[in-house]
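Coordinates as given in model-v5.cif (mmCIF, C-alpha atoms and all ligand atoms):
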```
data_my_file
#
loop_
_atom_site.label_atom_id
_atom_site.label_comp_id
_atom_site.auth_asym_id
_atom_site.auth_seq_id
_atom_site.Cartn_x
_atom_site.Cartn_y
_atom_site.Cartn_z
CA MET A 1 -22.46 -14.45 -29.73
CA PRO A 2 -19.83 -14.21 -32.54
CA PHE A 3 -16.33 -15.41 -31.71
CA GLY A 4 -14.70 -11.94 -31.33
CA ALA A 5 -17.63 -10.57 -29.36
CA SER A 6 -17.44 -13.38 -26.82
CA LEU A 7 -13.76 -12.58 -26.23
CA MET A 8 -14.63 -8.90 -25.78
CA GLN A 9 -17.39 -9.91 -23.35
CA LYS A 10 -14.73 -11.74 -21.30
CA ALA A 11 -12.68 -8.51 -21.27
CA LEU A 12 -15.76 -6.58 -20.07
CA ASP A 13 -16.42 -9.15 -17.34
CA ALA A 14 -12.81 -8.79 -16.16
CA ALA A 15 -13.05 -4.98 -16.02
CA TRP A 16 -16.39 -4.41 -14.25
CA PRO A 17 -15.26 -5.56 -10.76
CA TYR A 18 -12.86 -2.58 -10.78
CA GLN A 19 -15.44 0.02 -11.84
CA VAL A 20 -14.79 3.27 -9.93
CA LEU A 21 -11.76 1.68 -8.17
CA THR A 22 -9.55 2.69 -11.13
CA PHE A 23 -10.70 6.33 -11.07
CA PRO A 24 -9.40 8.81 -12.31
CA ASN A 25 -8.33 6.14 -14.80
CA PRO A 26 -10.93 4.14 -16.74
CA ALA A 27 -11.90 0.56 -15.89
CA VAL A 28 -10.46 -1.55 -18.74
CA GLY A 29 -10.33 -5.27 -19.50
CA ALA A 30 -8.21 -7.20 -22.04
CA VAL A 31 -7.97 -10.75 -23.38
CA VAL A 32 -5.10 -12.41 -25.30
CA SER A 33 -6.10 -15.33 -27.50
CA ASN A 34 -4.61 -17.55 -30.21
CA ASP A 35 -5.91 -18.32 -33.73
CA ALA A 36 -8.11 -21.11 -32.35
CA GLY A 37 -9.81 -18.60 -30.02
CA GLU A 38 -8.26 -20.15 -26.92
CA ILE A 39 -7.74 -17.62 -24.15
CA LEU A 40 -4.12 -17.35 -22.99
CA GLY A 41 -4.44 -14.34 -20.69
CA ILE A 42 -7.07 -12.06 -19.16
CA GLY A 43 -6.24 -8.77 -17.46
CA ALA A 44 -8.01 -5.82 -15.87
CA HIS A 45 -6.72 -2.46 -14.74
CA HIS A 46 -7.02 -2.43 -10.90
CA LYS A 47 -5.99 1.05 -9.78
CA ALA A 48 -4.48 4.23 -11.21
CA GLY A 49 -0.69 3.86 -11.31
CA LEU A 50 -0.80 0.05 -11.52
CA PRO A 51 -0.30 -1.85 -14.82
CA HIS A 52 -2.89 -1.47 -17.55
CA ALA A 53 -5.24 -4.33 -18.50
CA GLU A 54 -3.30 -5.13 -21.69
CA VAL A 55 -0.04 -5.54 -19.76
CA LEU A 56 -1.59 -7.93 -17.22
CA ALA A 57 -3.25 -9.98 -19.98
CA LEU A 58 0.09 -10.16 -21.83
CA LYS A 59 1.85 -11.15 -18.60
CA GLU A 60 -0.61 -14.03 -18.08
CA ALA A 61 -0.27 -15.10 -21.73
CA TYR A 62 3.55 -15.06 -21.49
CA LEU A 63 3.37 -17.31 -18.44
CA ALA A 64 0.94 -19.69 -20.17
CA LEU A 65 3.19 -19.90 -23.24
CA THR A 66 6.58 -20.17 -21.53
CA HIS A 67 6.02 -21.29 -17.89
CA ASP A 68 8.82 -18.81 -17.17
CA LYS A 69 8.00 -17.98 -13.54
CA ARG A 70 10.36 -14.99 -13.41
CA ILE A 71 7.51 -12.79 -14.66
CA GLU A 72 5.30 -13.71 -11.69
CA ALA A 73 7.46 -11.61 -9.37
CA LEU A 74 6.97 -8.46 -11.48
CA SER A 75 4.10 -6.14 -10.59
CA ASP A 76 5.44 -2.75 -11.63
CA SER A 77 4.30 -1.61 -15.06
CA MET A 78 7.70 -0.42 -16.31
CA ALA A 79 9.35 -3.68 -15.17
CA LEU A 80 6.70 -5.73 -17.00
CA HIS A 81 7.08 -3.69 -20.19
CA LEU A 82 10.86 -4.14 -20.17
CA PHE A 83 10.69 -7.85 -19.32
CA LEU A 84 8.16 -8.63 -22.06
CA LYS A 85 10.06 -6.59 -24.65
CA GLU A 86 13.29 -8.44 -23.85
CA ASN A 87 11.91 -11.97 -23.45
CA HIS A 88 8.95 -12.36 -25.86
CA GLN A 89 10.84 -14.74 -28.24
CA ASP A 90 8.34 -13.83 -31.01
CA LEU A 91 5.71 -15.93 -29.22
CA PHE A 92 3.02 -13.27 -29.66
CA LEU A 93 3.21 -12.98 -33.47
CA ASN A 94 0.03 -14.97 -34.19
CA LEU A 95 -1.98 -13.77 -31.23
CA SER A 96 -4.95 -11.41 -30.89
CA LEU A 97 -5.66 -8.85 -28.21
CA HIS A 98 -9.24 -7.81 -27.40
CA VAL A 99 -9.35 -4.69 -25.28
CA THR A 100 -12.38 -2.69 -24.11
CA LEU A 101 -10.59 0.67 -24.63
CA GLU A 102 -8.09 1.75 -27.27
CA PRO A 103 -4.57 1.06 -25.91
CA CYS A 104 -2.92 4.18 -24.49
CA ASN A 105 -0.38 5.97 -26.61
CA HIS A 106 1.53 8.08 -24.09
CA PHE A 107 3.81 8.00 -21.08
CA GLY A 108 1.63 8.69 -18.01
CA LYS A 109 2.18 6.89 -14.72
CA THR A 110 2.95 3.85 -16.92
CA PRO A 111 4.66 3.46 -20.35
CA PRO A 112 2.48 3.37 -23.53
CA CYS A 113 0.70 0.07 -24.17
CA SER A 114 0.81 0.79 -27.92
CA SER A 115 4.63 0.51 -27.98
CA LEU A 116 4.56 -2.76 -26.02
CA ILE A 117 1.97 -4.30 -28.38
CA GLU A 118 4.04 -3.18 -31.36
CA ALA A 119 7.25 -4.59 -29.86
CA LEU A 120 5.65 -8.00 -29.22
CA GLY A 121 4.39 -8.13 -32.83
CA ILE A 122 0.77 -8.94 -31.90
CA LYS A 123 -1.06 -9.75 -35.11
CA ARG A 124 -4.52 -8.40 -34.39
CA VAL A 125 -5.93 -5.84 -31.95
CA VAL A 126 -9.71 -5.59 -31.47
CA ILE A 127 -10.87 -2.44 -29.69
CA GLY A 128 -14.22 -1.65 -28.04
CA SER A 129 -14.24 2.10 -27.29
CA PHE A 130 -12.20 4.92 -28.77
CA ASP A 131 -10.03 6.77 -26.28
CA GLU A 132 -11.11 10.40 -26.67
CA SER A 133 -8.80 11.72 -23.95
CA ALA A 134 -6.35 14.37 -25.14
CA ASN A 135 -3.35 12.66 -23.51
CA ALA A 136 -3.75 9.00 -24.28
CA LYS A 137 -5.73 8.79 -27.57
CA GLY A 138 -4.42 7.52 -30.89
CA GLY A 139 -3.11 4.07 -29.87
CA GLY A 140 -5.26 2.26 -32.44
CA VAL A 141 -4.23 4.46 -35.37
CA TYR A 142 -0.59 4.28 -34.23
CA LEU A 143 -0.71 0.47 -34.29
CA GLN A 144 -2.39 0.50 -37.71
CA SER A 145 0.41 2.69 -39.02
CA ARG A 146 2.86 0.01 -37.77
CA GLY A 147 1.11 -2.74 -39.74
CA VAL A 148 -1.01 -4.25 -36.96
CA ASN A 149 -4.49 -5.44 -38.01
CA VAL A 150 -6.66 -3.14 -35.85
CA SER A 151 -10.45 -3.08 -35.72
CA PHE A 152 -12.65 -0.71 -33.73
CA GLY A 153 -16.14 -0.85 -32.24
CA CYS A 154 -16.49 -4.49 -31.05
CA LEU A 155 -19.35 -4.46 -28.45
CA LYS A 156 -18.93 -0.68 -28.56
CA GLU A 157 -22.12 0.14 -26.64
CA ALA A 158 -21.18 -2.13 -23.72
CA CYS A 159 -17.58 -0.87 -23.74
CA ASP A 160 -18.78 2.75 -23.82
CA THR A 161 -21.07 1.97 -20.85
CA LEU A 162 -18.12 0.60 -18.88
CA LEU A 163 -16.22 3.79 -19.71
CA THR A 164 -18.94 6.16 -18.41
CA PRO A 165 -17.09 7.55 -15.31
CA PHE A 166 -14.02 8.31 -17.46
CA THR A 167 -16.16 9.92 -20.18
CA CYS A 168 -17.81 12.08 -17.49
CA LYS A 169 -14.36 13.11 -16.24
CA GLU A 170 -13.28 14.09 -19.76
CA LYS A 171 -16.44 16.24 -20.06
CA GLN A 172 -15.72 17.70 -16.59
CA GLU A 173 -19.00 16.33 -15.25
CA PRO A 174 -19.27 14.30 -12.03
CA PHE A 175 -20.01 10.57 -12.18
CA ILE A 176 -22.75 10.07 -9.58
CA PHE A 177 -23.94 6.75 -8.18
CA PHE A 178 -26.31 5.74 -5.39
CA LYS A 179 -24.92 3.00 -3.14
CA LEU A 180 -27.45 0.94 -1.24
CA ALA A 181 -27.19 -2.04 1.11
CA LEU A 182 -30.18 -4.40 1.12
CA SER A 183 -31.18 -7.53 2.97
CA ALA A 184 -32.37 -10.55 0.97
CA ASN A 185 -35.94 -9.23 1.39
CA ASN A 186 -34.99 -5.66 0.31
CA VAL A 187 -34.97 -4.07 3.77
CA ALA A 188 -32.54 -1.11 3.97
CA THR A 189 -32.91 -0.16 7.64
CA GLY A 190 -32.04 -1.52 11.08
CA GLY A 191 -28.24 -1.27 11.37
CA MET A 192 -25.60 -3.36 9.64
CA ILE A 193 -26.97 -5.28 6.65
CA THR A 194 -24.08 -6.66 4.60
CA SER A 195 -20.88 -8.61 5.37
CA LEU A 196 -17.44 -7.27 6.21
CA ASP A 197 -16.35 -8.09 2.62
CA SER A 198 -19.03 -5.78 1.22
CA ARG A 199 -18.31 -3.04 3.75
CA THR A 200 -14.59 -3.22 2.92
CA MET A 201 -15.44 -2.90 -0.76
CA VAL A 202 -17.58 0.17 0.04
CA HIS A 203 -14.62 1.72 1.87
CA ARG A 204 -12.39 1.05 -1.18
CA LEU A 205 -14.98 2.82 -3.32
CA ARG A 206 -15.14 5.75 -0.86
CA ASP A 207 -11.36 6.01 -1.13
CA CYS A 208 -11.79 6.71 -4.87
CA CYS A 209 -14.62 9.24 -4.40
CA ASP A 210 -14.06 12.92 -3.74
CA LEU A 211 -17.59 13.50 -2.40
CA MET A 212 -20.24 11.53 -0.52
CA VAL A 213 -23.80 12.83 -0.28
CA ILE A 214 -25.84 11.64 2.69
CA GLY A 215 -29.43 12.31 3.73
CA GLY A 216 -30.00 14.42 6.85
CA ASN A 217 -32.15 11.84 8.59
CA THR A 218 -29.51 9.12 8.13
CA VAL A 219 -26.97 11.38 9.81
CA ARG A 220 -29.30 11.87 12.80
CA VAL A 221 -30.35 8.18 13.06
CA ASP A 222 -27.08 6.35 12.26
CA ARG A 223 -24.54 8.92 13.57
CA PRO A 224 -22.08 7.60 10.93
CA THR A 225 -18.32 8.11 10.41
CA LEU A 226 -18.32 7.75 6.60
CA ASP A 227 -14.59 7.28 6.21
CA ALA A 228 -12.52 4.57 4.47
CA ARG A 229 -10.85 3.02 7.56
CA LEU A 230 -11.44 -0.60 6.46
CA CYS A 231 -8.96 -0.08 3.61
CA GLU A 232 -6.91 2.67 5.25
CA GLY A 233 -8.06 4.98 2.47
CA LYS A 234 -8.83 8.68 2.38
CA ALA A 235 -12.21 9.96 3.51
CA PRO A 236 -14.18 11.89 0.87
CA ASP A 237 -15.80 15.28 1.55
CA ILE A 238 -19.37 15.03 2.87
CA LEU A 239 -22.45 16.90 1.70
CA ILE A 240 -25.34 16.42 4.14
CA TYR A 241 -28.49 16.96 2.10
CA SER A 242 -30.94 18.57 4.50
CA HIS A 243 -33.52 21.31 5.00
CA SER A 244 -31.88 22.19 8.31
CA PRO A 245 -28.36 23.54 8.89
CA GLN A 246 -28.31 22.26 12.52
CA PHE A 247 -26.57 18.95 13.24
CA ASP A 248 -25.10 17.53 16.42
CA LYS A 249 -21.38 18.15 15.89
CA SER A 250 -20.43 15.22 18.12
CA ILE A 251 -21.47 12.84 15.29
CA PRO A 252 -18.22 11.06 14.22
CA LEU A 253 -18.32 12.16 10.56
CA PHE A 254 -17.52 15.73 11.70
CA HIS A 255 -14.24 14.58 13.28
CA ILE A 256 -12.35 12.99 10.39
CA PRO A 257 -9.20 14.94 9.48
CA ASN A 258 -8.46 16.29 6.00
CA ARG A 259 -11.97 16.46 4.68
CA LYS A 260 -14.70 19.04 4.35
CA VAL A 261 -18.23 18.50 5.71
CA PHE A 262 -21.01 20.85 4.63
CA VAL A 263 -24.79 20.93 4.96
CA ASP A 264 -26.84 22.11 1.99
CA SER A 265 -30.46 22.08 0.87
CA THR A 266 -29.35 22.07 -2.78
CA LEU A 267 -27.13 19.71 -4.74
CA GLU A 268 -25.36 22.50 -6.68
CA SER A 269 -21.94 21.86 -5.15
CA ILE A 270 -21.85 18.30 -6.58
CA LYS A 271 -20.86 19.88 -9.90
CA SER A 272 -17.43 20.81 -8.60
CA TYR A 273 -16.60 17.16 -7.75
CA SER A 274 -15.73 14.31 -10.10
CA MET A 275 -16.67 11.02 -8.35
CA VAL A 276 -19.73 11.18 -6.12
CA MET A 277 -21.32 8.42 -4.03
CA ILE A 278 -24.78 8.98 -2.58
CA GLU A 279 -25.90 7.04 0.49
CA GLY A 280 -29.24 7.11 2.21
CA GLY A 281 -32.49 5.33 2.95
CA ALA A 282 -35.94 5.46 1.39
CA GLY A 283 -36.27 9.26 1.60
CA MET A 284 -32.96 9.88 -0.12
CA LEU A 285 -33.69 7.25 -2.77
CA LYS A 286 -36.96 9.01 -3.55
CA ALA A 287 -35.38 12.49 -3.54
CA MET A 288 -32.68 11.32 -6.03
CA GLU A 289 -34.99 9.24 -8.21
CA ASP A 290 -34.98 11.57 -11.22
CA LYS A 291 -31.42 12.78 -10.76
CA VAL A 292 -29.33 9.61 -10.55
CA GLU A 293 -28.70 7.18 -13.40
CA TRP A 294 -26.33 4.70 -11.67
CA TYR A 295 -27.06 2.45 -8.67
CA LEU A 296 -24.71 0.07 -6.90
CA ILE A 297 -26.58 -2.41 -4.72
CA PHE A 298 -24.96 -4.73 -2.17
CA GLN A 299 -27.42 -7.46 -1.28
CA SER A 300 -27.12 -9.87 1.61
CA THR A 301 -28.39 -13.45 1.55
CA HIS A 302 -29.98 -12.90 4.99
CA GLU A 303 -33.48 -11.57 5.60
CA LYS A 304 -34.14 -8.71 7.98
CA GLU A 305 -37.21 -7.44 9.77
CA GLY A 306 -38.67 -4.24 8.42
CA GLU A 307 -40.34 -2.75 5.38
CA ALA A 308 -38.94 -3.52 1.92
CA ILE A 309 -37.66 -0.40 0.20
CA ALA A 310 -39.19 0.71 -3.13
CA LEU A 311 -36.44 0.75 -5.76
CA PRO A 312 -36.60 3.25 -8.64
CA LYS A 313 -38.41 1.99 -11.73
CA GLY A 314 -36.44 1.07 -14.87
CA LEU A 315 -33.28 -0.26 -13.26
CA LYS A 316 -31.35 -2.42 -15.78
CA LYS A 317 -28.70 -4.73 -14.32
CA VAL A 318 -25.37 -4.14 -16.06
CA PHE A 319 -23.03 -6.29 -13.98
CA SER A 320 -23.19 -8.51 -10.93
CA GLN A 321 -20.58 -10.34 -8.85
CA ALA A 322 -20.23 -12.09 -5.51
CA VAL A 323 -18.51 -10.14 -2.72
CA GLY A 324 -17.96 -12.66 0.05
CA GLU A 325 -21.40 -14.01 0.88
CA ASP A 326 -23.18 -10.98 -0.66
CA THR A 327 -23.88 -9.90 -4.22
CA MET A 328 -22.80 -6.54 -5.63
CA SER A 329 -24.65 -5.30 -8.72
CA TRP A 330 -24.39 -2.23 -10.92
CA TYR A 331 -27.69 -0.95 -12.36
CA GLN A 332 -28.30 1.77 -14.92
CA ARG A 333 -31.63 3.56 -14.80
CA VAL A 334 -33.35 3.59 -18.19
CA TRP A 335 -35.93 6.36 -18.25
N1 LIG B 401 -29.25 0.37 3.58
C1 LIG B 401 -28.58 1.44 3.24
O1 LIG B 401 -27.79 1.44 2.28
C2 LIG B 401 -28.78 2.71 4.04
C3 LIG B 401 -27.96 3.81 3.83
C4 LIG B 401 -28.18 4.95 4.57
C5 LIG B 401 -29.23 4.97 5.48
N2 LIG B 401 -30.00 3.87 5.67
C6 LIG B 401 -31.10 3.85 6.65
O2 LIG B 401 -32.13 4.66 6.15
C7 LIG B 401 -32.84 5.23 7.24
C8 LIG B 401 -32.99 6.71 7.01
O3 LIG B 401 -33.67 6.88 5.80
P1 LIG B 401 -34.54 8.17 5.51
O4 LIG B 401 -35.15 7.99 4.20
O5 LIG B 401 -35.41 8.43 6.69
O6 LIG B 401 -33.49 9.36 5.53
P2 LIG B 401 -32.39 9.82 4.51
O7 LIG B 401 -31.80 8.69 3.80
O8 LIG B 401 -31.48 10.64 5.29
O9 LIG B 401 -33.16 10.71 3.44
C9 LIG B 401 -34.14 11.64 3.74
C10 LIG B 401 -33.55 12.98 4.15
O10 LIG B 401 -32.97 13.65 3.04
C11 LIG B 401 -33.15 15.05 3.20
N3 LIG B 401 -33.89 15.54 2.03
C12 LIG B 401 -34.76 14.85 1.26
N4 LIG B 401 -35.24 15.65 0.29
C13 LIG B 401 -34.65 16.84 0.46
C14 LIG B 401 -34.76 18.08 -0.22
N5 LIG B 401 -35.53 18.23 -1.29
N6 LIG B 401 -34.02 19.11 0.20
C15 LIG B 401 -33.20 18.98 1.28
N7 LIG B 401 -33.07 17.83 1.99
C16 LIG B 401 -33.81 16.78 1.57
C17 LIG B 401 -33.98 15.27 4.45
O11 LIG B 401 -33.12 15.61 5.50
P3 LIG B 401 -33.62 16.55 6.74
O12 LIG B 401 -34.66 15.76 7.43
O13 LIG B 401 -32.39 16.79 7.55
O14 LIG B 401 -34.14 17.81 6.11
C18 LIG B 401 -34.60 13.91 4.68
O15 LIG B 401 -34.87 13.64 6.03
C19 LIG B 401 -32.04 4.92 8.49
O16 LIG B 401 -32.66 3.85 9.15
C20 LIG B 401 -30.70 4.47 7.96
O17 LIG B 401 -30.09 3.54 8.79
C21 LIG B 401 -29.81 2.75 4.96
#
```

Take the structure in the file and write it out as structure tokens.
Amino acid sequence: MPFGASLMQKALDAAWPYQVLTFPNPAVGAVVSNDAGEILGIGAHHKAGLPHAEVLALKEAYLALTHDKRIEALSDSMALHLFLKENHQDLFLNLSLHVTLEPCNHFGKTPPCSSLIEALGIKRVVIGSFDESANAKGGGVYLQSRGVNVSFGCLKEACDTLLTPFTCKEKQEPFIFFKLALSANNVATGGMITSLDSRTMVHRLRDCCDLMVIGGNTVRVDRPTLDARLCEGKAPDILIYSHSPQFDKSIPLFHIPNRKVFVDSTLESIKSYSMVMIEGGAGMLKAMEDKVEWYLIFQSTHEKEGEAIALPKGLKKVFSQAVGEDTMSWYQRVW
């Protein structure tokens, strides 16, 4: 892989663990390097309202260059911007920044990254995807106009893939993914399958979703709660996909405050949501086969008794990471 592309790949690898968790913001990764290609800082955006990837990569680079531990105590985006602008000592002049998405160019919940990059005098900015959003776009062109060497389109396809939920939001379409827990031998039934780490991650994902879709039979068999209690997050609305409107209302999912539960034999209402997680067993997987492009699979290292589930054909692994003792992998279906 060419030099620049391998740095962008590092930025992608930093961003993927936060896919969905940053919503309604995009998942973004950034890498600061010197002329020799040595990495001085890597950052990823973690959650909407928290510092952007560029700022965290610059924070790490500042620490590596200065050993000035004062910056370690700063976590607020505005505080980091101000600190770096005041204390950079021209240390960034010969450095490069690789970032999966064009740096933002506006005041949102955080100050514009473009103005920070300009203030630090970064020599070169390499961008993966264009930011097409009405609010934030234009950071690359702004930096070019200030004399920064800016290039676009490095690993563009992979960066655009990372950006998919955000692109869907901009088009006012829902981002839909099927979440599945599997044993080491691909069994999806029989109670709890994955570790507490994985289940906590699922609750963090639920907290960022506005709708969960669940198969009718799973509701009858598992009698689930489907909230986000393991991270003290908010519970998404629930669509029970079923041929029958009758469900036992003592099932816990009907008793979570501040969310809507509805039963429907169509999936029409999904269109009015923006981040949708589907859960279910073999029947739901089959029913969604031709409708869902994205799959998030948590796989345990332990085997379980039961029949292995048939996964949809054409799943291409996009990213994989350890979550405690399990593995969490994003797959895109290629038809
Ligand atoms: N490992 C995991 O990640 C995971 C997650 C969830 C569940 N599970 C397990 O999976 C098992 C249940 O799996 P399952 O496949 O039997 O049930 P399911 O996941 O609930 O999916 C099948 C159900 O979806 C509904 N459905 C399917 N096609 C439909 C259509 N065209 N229109 C309307 N509704 C439709 C039906 O509900 P009605 O019958 O109500 O009409 C059907 O029973 C349980 O053991 C559960 O523990 C595993």

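Ranking A:Thr164, A:Thr189, A:Ser198, A:Asn135 by their shortest atom-to-atom distance to ligand LIG 401 (chain B), with all atoms listed in the file included, puts A:Thr189 first.
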
Fill in: Residue nearest ligand LIG 401 (chain B) - candidates A:His81, A:His88, A:Lys291, A:Arg124, atoms counted: all atoms listed in the file
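Checking each candidate against ligand LIG 401 (chain B), we get A:Lys291 as the closest.
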
Practice prompt. Please provide as a list in words all residues within 6 Å of Leu95 of chain A, with the sequence filter that same-chain residues fewer than 3 positions apart are discarded (counting only C-alpha atoms).
Written response: Ser33, Asn34, Phe92, Ile122 and Lys123 of chain A

Worksheet item: Counting all atoms listed in the file, what is within 10 Å of segment 229-243 of chain A, bar same-chain residues fewer than 2 positions away, as a VMD selection string?
Response: chain A and resid 196 to 197 199 to 219 225 to 227 245 to 247 253 to 254 256 to 267 269 to 270 273 275 to 278 280 284 287

Item to complete: Can you work out the spacing between atom CA of Ile193 of chain A and atom CA of Val221 of chain A in Å, to one decimal?
Response: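 Between these atoms lies a distance of 15.3 Å.
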
Practice prompt. Quick one: everything within 12 Å of Arg70 of chain A, counting only C-alpha atoms, minus sequence neighbours fewer than 4 positions away in the same chain. Send it as a list in words.
Written response: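 Everything that qualifies: Lys59, Glu60, Tyr62, Leu63, Thr66, Leu74, Ser75, Ala79, Leu80, Phe83, Leu84 and Asn87 of chain A.
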
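Going from atom CA of Gly306 of chain A to atom CA of Asn186 of chain A covers 9.0 Å.
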
Pop segment 238-245 of chain A out of the structure in the block and write all heavy atoms as a compact mmCIF listing (two decimals), in the first residue's frame.
```
# COMPACT_ATOMS: atom_id res chain seq x y z
N ILE A 238 -39.85 0.71 19.25
CA ILE A 238 -39.82 -0.70 18.83
C ILE A 238 -40.92 -0.97 17.80
O ILE A 238 -42.09 -0.64 18.03
CB ILE A 238 -40.08 -1.65 20.03
CG1 ILE A 238 -39.04 -1.46 21.12
CG2 ILE A 238 -40.15 -3.10 19.56
CD1 ILE A 238 -37.68 -2.01 20.84
N LEU A 239 -40.51 -1.54 16.67
CA LEU A 239 -41.47 -2.06 15.70
C LEU A 239 -41.40 -3.58 15.78
O LEU A 239 -40.35 -4.19 15.52
CB LEU A 239 -41.11 -1.59 14.29
CG LEU A 239 -41.69 -2.36 13.11
CD1 LEU A 239 -43.21 -2.41 13.14
CD2 LEU A 239 -41.23 -1.76 11.78
N ILE A 240 -42.51 -4.20 16.20
CA ILE A 240 -42.58 -5.67 16.21
C ILE A 240 -43.13 -6.08 14.84
O ILE A 240 -44.26 -5.73 14.48
CB ILE A 240 -43.50 -6.18 17.33
CG1 ILE A 240 -42.97 -5.70 18.70
CG2 ILE A 240 -43.60 -7.70 17.29
CD1 ILE A 240 -43.89 -6.04 19.88
N TYR A 241 -42.29 -6.77 14.08
CA TYR A 241 -42.68 -7.20 12.73
C TYR A 241 -43.44 -8.52 12.89
O TYR A 241 -42.86 -9.52 13.30
CB TYR A 241 -41.42 -7.38 11.88
CG TYR A 241 -41.64 -7.62 10.42
CD1 TYR A 241 -42.55 -6.87 9.69
CD2 TYR A 241 -40.89 -8.58 9.74
CE1 TYR A 241 -42.72 -7.08 8.32
CE2 TYR A 241 -41.04 -8.80 8.37
CZ TYR A 241 -41.96 -8.04 7.68
OH TYR A 241 -42.12 -8.26 6.33
N SER A 242 -44.73 -8.49 12.56
CA SER A 242 -45.55 -9.67 12.84
C SER A 242 -46.80 -9.67 11.98
O SER A 242 -47.30 -8.62 11.56
CB SER A 242 -45.96 -9.64 14.32
OG SER A 242 -46.88 -10.66 14.59
N HIS A 243 -47.33 -10.87 11.75
CA HIS A 243 -48.61 -11.01 11.04
C HIS A 243 -49.78 -10.77 11.99
O HIS A 243 -50.91 -10.60 11.56
CB HIS A 243 -48.75 -12.42 10.46
CG HIS A 243 -47.69 -12.78 9.47
ND1 HIS A 243 -46.54 -13.46 9.82
CD2 HIS A 243 -47.60 -12.54 8.14
CE1 HIS A 243 -45.78 -13.64 8.74
NE2 HIS A 243 -46.41 -13.08 7.71
N SER A 244 -49.48 -10.83 13.32
CA SER A 244 -50.57 -10.76 14.29
C SER A 244 -50.46 -9.53 15.18
O SER A 244 -49.36 -9.24 15.69
CB SER A 244 -50.51 -12.03 15.16
OG SER A 244 -50.92 -11.72 16.47
N PRO A 245 -51.55 -8.80 15.40
CA PRO A 245 -51.45 -7.61 16.25
C PRO A 245 -51.46 -7.94 17.75
O PRO A 245 -51.23 -7.07 18.58
CB PRO A 245 -52.70 -6.80 15.88
CG PRO A 245 -53.67 -7.81 15.36
CD PRO A 245 -52.89 -8.98 14.84
```
